[in-house]
Structures are given as C-alpha cells and as structure tokens.
$ cat my_file-v8.cif   # mmCIF, C-alpha atoms and all ligand atoms
data_protein
loop_
_atom_site.label_atom_id
_atom_site.label_comp_id
_atom_site.auth_asym_id
_atom_site.auth_seq_id
_atom_site.Cartn_x
_atom_site.Cartn_y
_atom_site.Cartn_z
CA MET D 1 127.42 119.71 98.75
CA ILE D 2 124.31 117.77 97.70
CA ARG D 3 121.25 120.05 97.59
CA VAL D 4 119.01 118.16 95.15
CA ILE D 5 117.96 114.51 94.97
CA LEU D 6 116.72 113.17 91.66
CA THR D 7 115.18 109.71 91.94
CA ASP D 8 114.14 106.95 89.61
CA ILE D 9 110.96 105.03 90.51
CA GLU D 10 110.95 101.37 89.35
CA GLY D 11 113.53 99.43 91.37
CA THR D 12 114.46 102.51 93.42
CA THR D 13 111.50 103.99 95.32
CA SER D 14 109.16 101.20 94.25
CA SER D 15 109.34 97.50 93.47
CA ILE D 16 109.94 96.19 89.98
CA SER D 17 107.23 93.58 90.61
CA PHE D 18 104.57 96.26 91.26
CA VAL D 19 105.32 97.90 87.90
CA HIS D 20 105.58 94.63 85.93
CA GLU D 21 102.97 92.52 87.69
CA VAL D 22 100.33 95.12 88.55
CA LEU D 23 100.67 98.31 86.45
CA PHE D 24 101.70 96.84 83.09
CA PRO D 25 99.06 94.04 83.12
CA TYR D 26 96.36 96.58 84.09
CA ALA D 27 97.33 98.78 81.12
CA ARG D 28 97.43 95.78 78.79
CA GLU D 29 94.02 94.55 79.91
CA HIS D 30 92.29 97.91 79.50
CA MET D 31 94.17 99.42 76.53
CA ALA D 32 91.75 98.33 73.76
CA GLU D 33 88.63 99.51 75.59
CA PHE D 34 90.31 102.79 76.63
CA VAL D 35 91.55 103.65 73.14
CA ARG D 36 88.16 102.86 71.59
CA GLU D 37 86.33 104.96 74.17
CA TRP D 38 88.57 108.04 74.04
CA GLN D 39 90.11 108.14 70.53
CA HIS D 40 87.60 110.76 69.30
CA GLU D 41 86.83 112.40 72.68
CA ASP D 42 90.29 113.19 74.00
CA LEU D 43 92.85 115.11 71.95
CA THR D 44 95.78 113.70 73.94
CA VAL D 45 94.70 110.12 73.15
CA ALA D 46 94.30 110.99 69.45
CA GLU D 47 97.77 112.61 69.39
CA GLN D 48 99.40 109.55 70.98
CA LEU D 49 97.72 107.32 68.39
CA ASP D 50 99.17 109.55 65.65
CA ILE D 51 102.64 109.00 67.11
CA VAL D 52 102.14 105.23 67.54
CA ALA D 53 101.08 104.99 63.87
CA GLU D 54 104.07 107.04 62.72
CA LYS D 55 106.59 105.07 64.82
CA SER D 56 105.22 101.61 64.02
CA GLY D 57 104.19 102.09 60.40
CA CYS D 58 100.69 100.85 61.28
CA ASP D 59 97.81 102.53 59.44
CA ARG D 60 96.34 105.33 61.60
CA THR D 61 92.80 104.15 60.81
CA ASP D 62 93.55 100.57 61.93
CA ILE D 63 92.63 100.87 65.61
CA ASP D 64 92.94 97.11 66.27
CA GLY D 65 96.43 97.24 64.74
CA LEU D 66 97.46 100.23 66.86
CA VAL D 67 96.21 98.49 70.01
CA ARG D 68 98.27 95.41 69.08
CA VAL D 69 101.36 97.61 68.68
CA LEU D 70 100.73 99.17 72.10
CA GLU D 71 100.26 95.73 73.69
CA GLN D 72 103.49 94.53 72.10
CA TRP D 73 105.32 97.62 73.39
CA ILE D 74 104.03 96.84 76.91
CA ASP D 75 105.27 93.23 76.60
CA GLU D 76 108.69 94.49 75.43
CA ASP D 77 108.83 97.16 78.18
CA ARG D 78 109.42 99.82 75.53
CA LYS D 79 109.96 103.30 76.97
CA GLU D 80 108.00 105.02 74.19
CA THR D 81 106.67 108.39 75.35
CA ALA D 82 103.30 107.87 73.59
CA LEU D 83 102.78 104.51 75.33
CA LYS D 84 103.80 106.03 78.67
CA THR D 85 101.32 108.89 78.20
CA LEU D 86 98.47 106.45 77.53
CA GLN D 87 99.52 104.20 80.43
CA GLY D 88 99.42 107.18 82.81
CA MET D 89 95.87 107.99 81.70
CA LEU D 90 94.80 104.36 82.14
CA TRP D 91 96.42 103.99 85.56
CA GLU D 92 94.56 107.09 86.76
CA GLN D 93 91.34 105.08 86.40
CA GLY D 94 92.91 102.14 88.27
CA TYR D 95 94.04 104.28 91.21
CA GLN D 96 90.74 106.16 91.37
CA HIS D 97 88.68 102.95 91.29
CA GLY D 98 90.84 101.43 94.05
CA ALA D 99 92.22 98.65 91.81
CA PHE D 100 95.66 99.20 93.42
CA ASP D 101 97.76 101.59 95.53
CA GLY D 102 101.14 102.80 94.31
CA HIS D 103 103.89 100.69 95.85
CA VAL D 104 106.58 102.73 97.62
CA TYR D 105 109.13 101.10 99.94
CA PRO D 106 108.64 102.28 103.56
CA ASP D 107 112.31 103.37 103.77
CA ALA D 108 111.89 105.45 100.61
CA ALA D 109 108.84 107.22 102.04
CA GLU D 110 110.60 107.79 105.38
CA TYR D 111 113.71 109.32 103.84
CA LEU D 112 111.88 111.36 101.20
CA ARG D 113 110.06 113.03 104.07
CA PHE D 114 113.27 113.35 106.12
CA TRP D 115 115.30 114.84 103.25
CA HIS D 116 112.49 117.23 102.35
CA ASP D 117 112.24 118.39 105.96
CA ARG D 118 116.01 118.94 106.04
CA GLY D 119 115.74 121.32 103.08
CA LEU D 120 116.81 119.12 100.19
CA ARG D 121 114.89 119.61 96.96
CA LEU D 122 113.44 116.34 95.63
CA TYR D 123 112.68 115.53 91.98
CA VAL D 124 111.62 112.42 90.08
CA TYR D 125 113.00 111.22 86.77
CA SER D 126 111.19 108.16 85.41
CA SER D 127 110.24 106.67 82.06
CA GLY D 128 106.68 106.71 83.39
CA SER D 129 104.85 109.91 82.41
CA VAL D 130 104.68 112.84 84.84
CA LYS D 131 101.01 111.98 85.36
CA ALA D 132 101.95 108.37 86.24
CA GLN D 133 104.65 109.63 88.63
CA LYS D 134 102.22 111.92 90.48
CA LEU D 135 99.74 109.03 90.72
CA ILE D 136 102.14 106.44 92.18
CA PHE D 137 103.29 108.90 94.86
CA GLY D 138 99.86 110.49 95.37
CA PHE D 139 98.04 107.16 95.84
CA SER D 140 100.97 105.40 97.51
CA SER D 141 100.89 102.60 100.05
CA GLU D 142 102.72 105.06 102.34
CA GLY D 143 100.21 107.91 101.91
CA ASP D 144 100.35 111.02 99.72
CA LEU D 145 104.05 111.74 99.15
CA THR D 146 103.59 114.42 96.45
CA PRO D 147 104.06 117.34 98.90
CA PHE D 148 107.72 116.33 99.23
CA PHE D 149 108.54 116.73 95.52
CA SER D 150 109.50 119.97 93.82
CA GLY D 151 109.09 118.59 90.29
CA TYR D 152 108.92 115.67 87.90
CA PHE D 153 110.75 114.71 84.69
CA ASP D 154 109.81 112.05 82.15
CA THR D 155 111.10 111.01 78.73
CA ASN D 156 110.11 114.38 77.27
CA VAL D 157 113.59 115.47 78.47
CA GLY D 158 115.10 112.41 76.72
CA GLY D 159 115.84 108.76 77.45
CA LYS D 160 117.24 107.76 80.82
CA LYS D 161 120.41 106.22 79.39
CA GLU D 162 121.42 109.40 77.52
CA ALA D 163 123.68 112.03 79.13
CA VAL D 164 121.88 114.85 77.29
CA SER D 165 118.70 114.11 79.28
CA TYR D 166 120.50 114.81 82.55
CA ARG D 167 122.00 118.00 81.08
CA ASN D 168 118.46 119.07 80.11
CA ILE D 169 117.32 118.45 83.68
CA LEU D 170 120.26 120.46 85.06
CA ASP D 171 119.41 123.33 82.70
CA GLN D 172 115.81 123.32 83.91
CA LEU D 173 116.83 123.17 87.57
CA GLY D 174 119.53 125.82 87.13
CA VAL D 175 121.90 124.09 89.56
CA GLU D 176 125.51 122.87 89.45
CA PRO D 177 125.81 119.18 88.47
CA GLN D 178 127.79 118.25 91.61
CA THR D 179 124.93 119.41 93.84
CA VAL D 180 122.59 116.76 92.40
CA LEU D 181 122.45 113.15 93.61
CA PHE D 182 120.75 110.75 91.18
CA LEU D 183 119.38 107.46 92.58
CA SER D 184 118.69 104.50 90.30
CA ASP D 185 118.84 100.71 90.11
CA VAL D 186 120.04 100.74 86.47
CA GLU D 187 123.78 101.19 86.00
CA ALA D 188 123.48 102.59 82.46
CA GLU D 189 121.31 105.41 83.83
CA LEU D 190 123.89 106.16 86.52
CA VAL D 191 126.67 106.28 83.92
CA ALA D 192 124.64 108.76 81.83
CA ALA D 193 123.97 110.97 84.86
CA GLU D 194 127.68 110.86 85.80
CA SER D 195 128.58 111.96 82.26
CA ALA D 196 126.50 115.06 82.92
CA GLY D 197 128.46 115.62 86.14
CA MET D 198 125.85 114.44 88.66
CA ARG D 199 126.69 112.39 91.71
CA THR D 200 125.02 108.99 91.84
CA CYS D 201 124.12 106.10 94.10
CA TRP D 202 123.22 102.63 92.83
CA LEU D 203 120.17 101.09 94.54
CA VAL D 204 120.37 97.30 94.76
CA ARG D 205 117.15 96.33 96.50
CA GLU D 206 117.16 92.63 95.62
CA GLY D 207 119.91 90.08 95.15
CA ASP D 208 123.55 90.33 96.11
CA LEU D 209 125.05 93.74 96.66
CA THR D 210 128.48 93.88 95.02
CA GLU D 211 130.60 96.84 96.08
CA THR D 212 132.22 98.80 93.27
CA ASP D 213 134.73 101.63 93.40
CA LYS D 214 132.88 103.42 90.58
CA ARG D 215 130.09 104.77 92.78
CA PRO D 216 128.34 104.26 96.14
CA VAL D 217 125.95 101.28 96.33
CA ALA D 218 122.99 101.07 98.75
CA ARG D 219 120.32 98.53 99.62
CA ASP D 220 117.80 101.18 100.65
CA PHE D 221 117.40 104.91 101.28
CA ARG D 222 118.74 104.68 104.84
CA GLU D 223 122.03 103.47 103.41
CA VAL D 224 121.98 106.31 100.86
CA ASP D 225 121.62 108.75 103.74
CA ASP D 226 124.36 107.08 105.81
CA GLN D 227 126.84 107.13 102.93
CA LEU D 228 126.14 110.43 101.21
CA LEU D 229 123.98 112.79 103.19
CA GLN D 230 124.50 112.38 106.91
CA HIS D 231 127.35 114.85 107.22
CA ARG D 232 126.29 117.29 104.53
C1 LIG D 301 105.57 105.96 87.22
S1 LIG D 301 105.35 104.28 87.63
C2 LIG D 301 105.56 103.42 86.11
C3 LIG D 301 106.94 103.43 85.67
C4 LIG D 301 107.10 103.00 84.25
O1 LIG D 301 106.17 103.08 83.47
C5 LIG D 301 108.35 102.50 83.82
O2 LIG D 301 108.51 102.19 82.64
C6 LIG D 301 109.48 102.38 84.77
O3 LIG D 301 110.38 103.34 84.48
P1 LIG D 301 111.54 103.81 85.49
O4 LIG D 301 112.22 104.86 84.70
O5 LIG D 301 110.88 104.34 86.74
O6 LIG D 301 112.43 102.65 85.76
MG MG D 302 114.62 101.90 87.69
#
$ encode --input "my_file-v8.cif" --output "structure tokens" --more "lines below"
Ligand SMILES: CSCCC(=O)C(=O)COP(=O)(O)O
Ligand SMILES: [Mg+2]
Amino acid sequence: MIRVILTDIEGTTSSISFVHEVLFPYAREHMAEFVREWQHEDLTVAEQLDIVAEKSGCDRTDIDGLVRVLEQWIDEDRKETALKTLQGMLWEQGYQHGAFDGHVYPDAAEYLRFWHDRGLRLYVYSSGSVKAQKLIFGFSSEGDLTPFFSGYFDTNVGGKKEAVSYRNILDQLGVEPQTVLFLSDVEAELVAAESAGMRTCWLVREGDLTETDKRPVARDFREVDDQLLQHR
C-alpha cells in the first residue's frame, strides 16, 4: 500500500518553463551583485564559493572568475549543490520582492491537498535546494502549500539519477520501499528510484504521452490518483 508520496518539482509539480525562463535567468542576472555583496558577510555564501573554486579549479580570490563559473553552470543546467544553495538564497529575494510567484500546476496543488487530507505523507525531492523548494511551494501561484509537506530532500542526499540517493531517503523516512510512490518527469530518475524498490509514476505534462509497460504514465496528478491511489 502506498503511504508516502515523494515528488520532483520541475516538470512534475511545476512547469519546466518557469524554472528555465524565470528562475534561472533571475539567478544569472543577480549572481554577480549577490556574491559581491555577501561573500564576506554570509558564511554560507563564502563556503559555497570555496566549493565552486575547488570544483572548477578557479582561484578562490578571483571573484569575477567564480561568478563566470556559476553563470556557466546555470547555462548548462548543472545540478551542483553549491550553485543550488546560492540560487535558493537569490530566489528568496525575488519571491520576497514580488518579482515572481512559484509556479505550481493547479492539479498538483489540488491533489497535494487531497492526498495530505487523506493521510498520505508528502515529501519533495528536487535538485533545487531545500530552501528553494520551500520558497516555490510557500510563495506559489496556488497559495502556501508548505503545510502539506512532511519534509524536503535535495542533492545533499545524492544525485537524482543515482539509486543510492533513494536508499538514503528511505533510510531517513524509515519506511518500506514499496510504500513510497515517486513522481517525476525524468525517466532516469524513475529508474533509479525503482532500483531502490520504490514505486513510480512518470509525469508527461507536455507532448505525446506514450504508454509503456515499465511503469504507470500520467499527464497530471488526477491521473496519478486514478491509476495508483484511488483504491488504496
Ligand atoms: C526548487 S525550484 C528550482 C528547481 C531547480 O533548481 C532545478 O534544477 C530543477 O530540479 P528538479 O530536480 O526539480 O527537476
Ligand atoms: Mg523534473
């Protein structure tokens, strides 16, 4: 029986275009100014710059160089934890200043509430930092959805295409793998979750939906509910 839902964000609860056309450009535009302002004031920023220097080989004292690395990582959609930490801090300013709301599909909001009210435990697993996850759901176009979630996981548990990450999540939750349903739009993530024993559903929100016998496929959260949760 499914007791826990673990959901991805980009392409699953929220549109890919919001992440790539609103969040990433905002981070790119403000990265240089943000790093310059906070590099000596905020220990977390300084620590992320240490990691960026170590990973890229850029000199730690070359702030322009480090900013260029970060901008390049944004352009390449790299899922580097240090970049994601900085992006979350930057987006906090954007949400608080009203530059944007977090996009969440109406069906996702409706069923997150419905599943929560039916006693399912809801968790997020995204490459975006935990701070960024709380922001997108806290400042969402569908209202504050954070009360529905029991917890959040980011790349500190590992990459989303690695089975060990899902085993780490299961260890932290203390539940049997078969009681967890993982929702994502990326097949490689579903395969990794299945290797850890989780059940999965593939969200195909845009384009043609091709049925597969490997796992359930759904266009939206209502279809997830119809296929996997209605008779639980
Ligand atoms: C928390 S919203 C920003 C998501 C993000 O930064 C990202 O890279 C998308 O990752 P996901 O694992 O949600 O596909
Ligand atoms: Mg995704």
$ residues_around --input "my_file-v8.cif" --residues "segment 77-87 of chain D" --least-positions-apart "2" --cutoff "8 Å" --atoms "all atoms listed in the file" --output "PyMOL selection string"
chain D and resi 27+45+48-49+51-52+70+73-75+89-91+127-129+131-132+155-156
$ axis_aligned_box --input "my_file-v8.cif" --around "ligand LIG 301 (chain D)" --padding-each-side "8 Å" --output "JSON"
{"center_x": 108.9, "center_y": 104.1, "center_z": 85.1, "size_x": 23.1, "size_y": 19.8, "size_z": 21.0}
$ residues_around --input "my_file-v8.cif" --residues "segment 209-226 of chain D" --least-positions-apart "5" --cutoff "9 Å" --atoms "all atoms listed in the file" --output "list of chain:residue names"
D:Thr12, D:Thr13, D:Tyr105, D:Asp107, D:Ala108, D:Ala109, D:Glu110, D:Tyr111, D:Leu112, D:Trp115, D:Leu183, D:Leu190, D:Arg199, D:Thr200, D:Cys201, D:Trp202, D:Leu203, D:Val204, D:His231
$ closest_residue --input "my_file-v8.cif" --among "D:Gly65, D:Gly98, D:Gly119, D:Gly138" --to "ligand LIG 301 (chain D)" --atoms "all atoms listed in the file"
D:Gly138
$ closest_residue --input "my_file-v8.cif" --among "D:Val22, D:Val35, D:Ala163, D:Leu145" --to "Tyr95 of chain D" --atoms "all atoms listed in the file"
D:Val22
$ atom_distance --input "my_file-v8.cif" --atom1 "atom CA of Phe137 of chain D" --atom2 "atom CA of Gly197 of chain D"
27.5 Å
$ residues_near_ligand --input "my_file-v8.cif" --ligand "ligand MG 302 (chain D)" --cutoff "8 Å" --atoms "all atoms listed in the file" --output "PyMOL selection string"
chain D and resi 8-12+16+126+184-186
$ closest_residue --input "my_file-v8.cif" --among "D:Gly94, D:Pro106, D:Gly159, D:Gly151" --to "ligand LIG 301 (chain D)" --atoms "all atoms listed in the file"
D:Gly159
$ atom_distance --input "my_file-v8.cif" --atom1 "atom CA of Glu189 of chain D" --atom2 "atom CA of Lys160 of chain D"
5.6 Å
$ atom_distance --input "my_file-v8.cif" --atom1 "atom CA of Leu43 of chain D" --atom2 "atom CA of His30 of chain D"
18.8 Å
$ closest_residue --input "my_file-v8.cif" --among "D:Gln133, D:Thr7, D:Ser150, D:Thr61" --to "ligand LIG 301 (chain D)" --atoms "all atoms listed in the file"
D:Gln133
$ residues_around --input "my_file-v8.cif" --residues "Leu181 of chain D" --least-positions-apart "4" --cutoff "7 Å" --atoms "all atoms listed in the file" --output "list in words"
Ile2, Val4, Ile5, Leu6, Met198, Arg199 and Thr200 of chain D
$ closest_residue --input "my_file-v8.cif" --among "D:Ala99, D:Leu135, D:Ile63, D:Ile169" --to "ligand LIG 301 (chain D)" --atoms "only C-alpha atoms and all ligand atoms"
D:Leu135
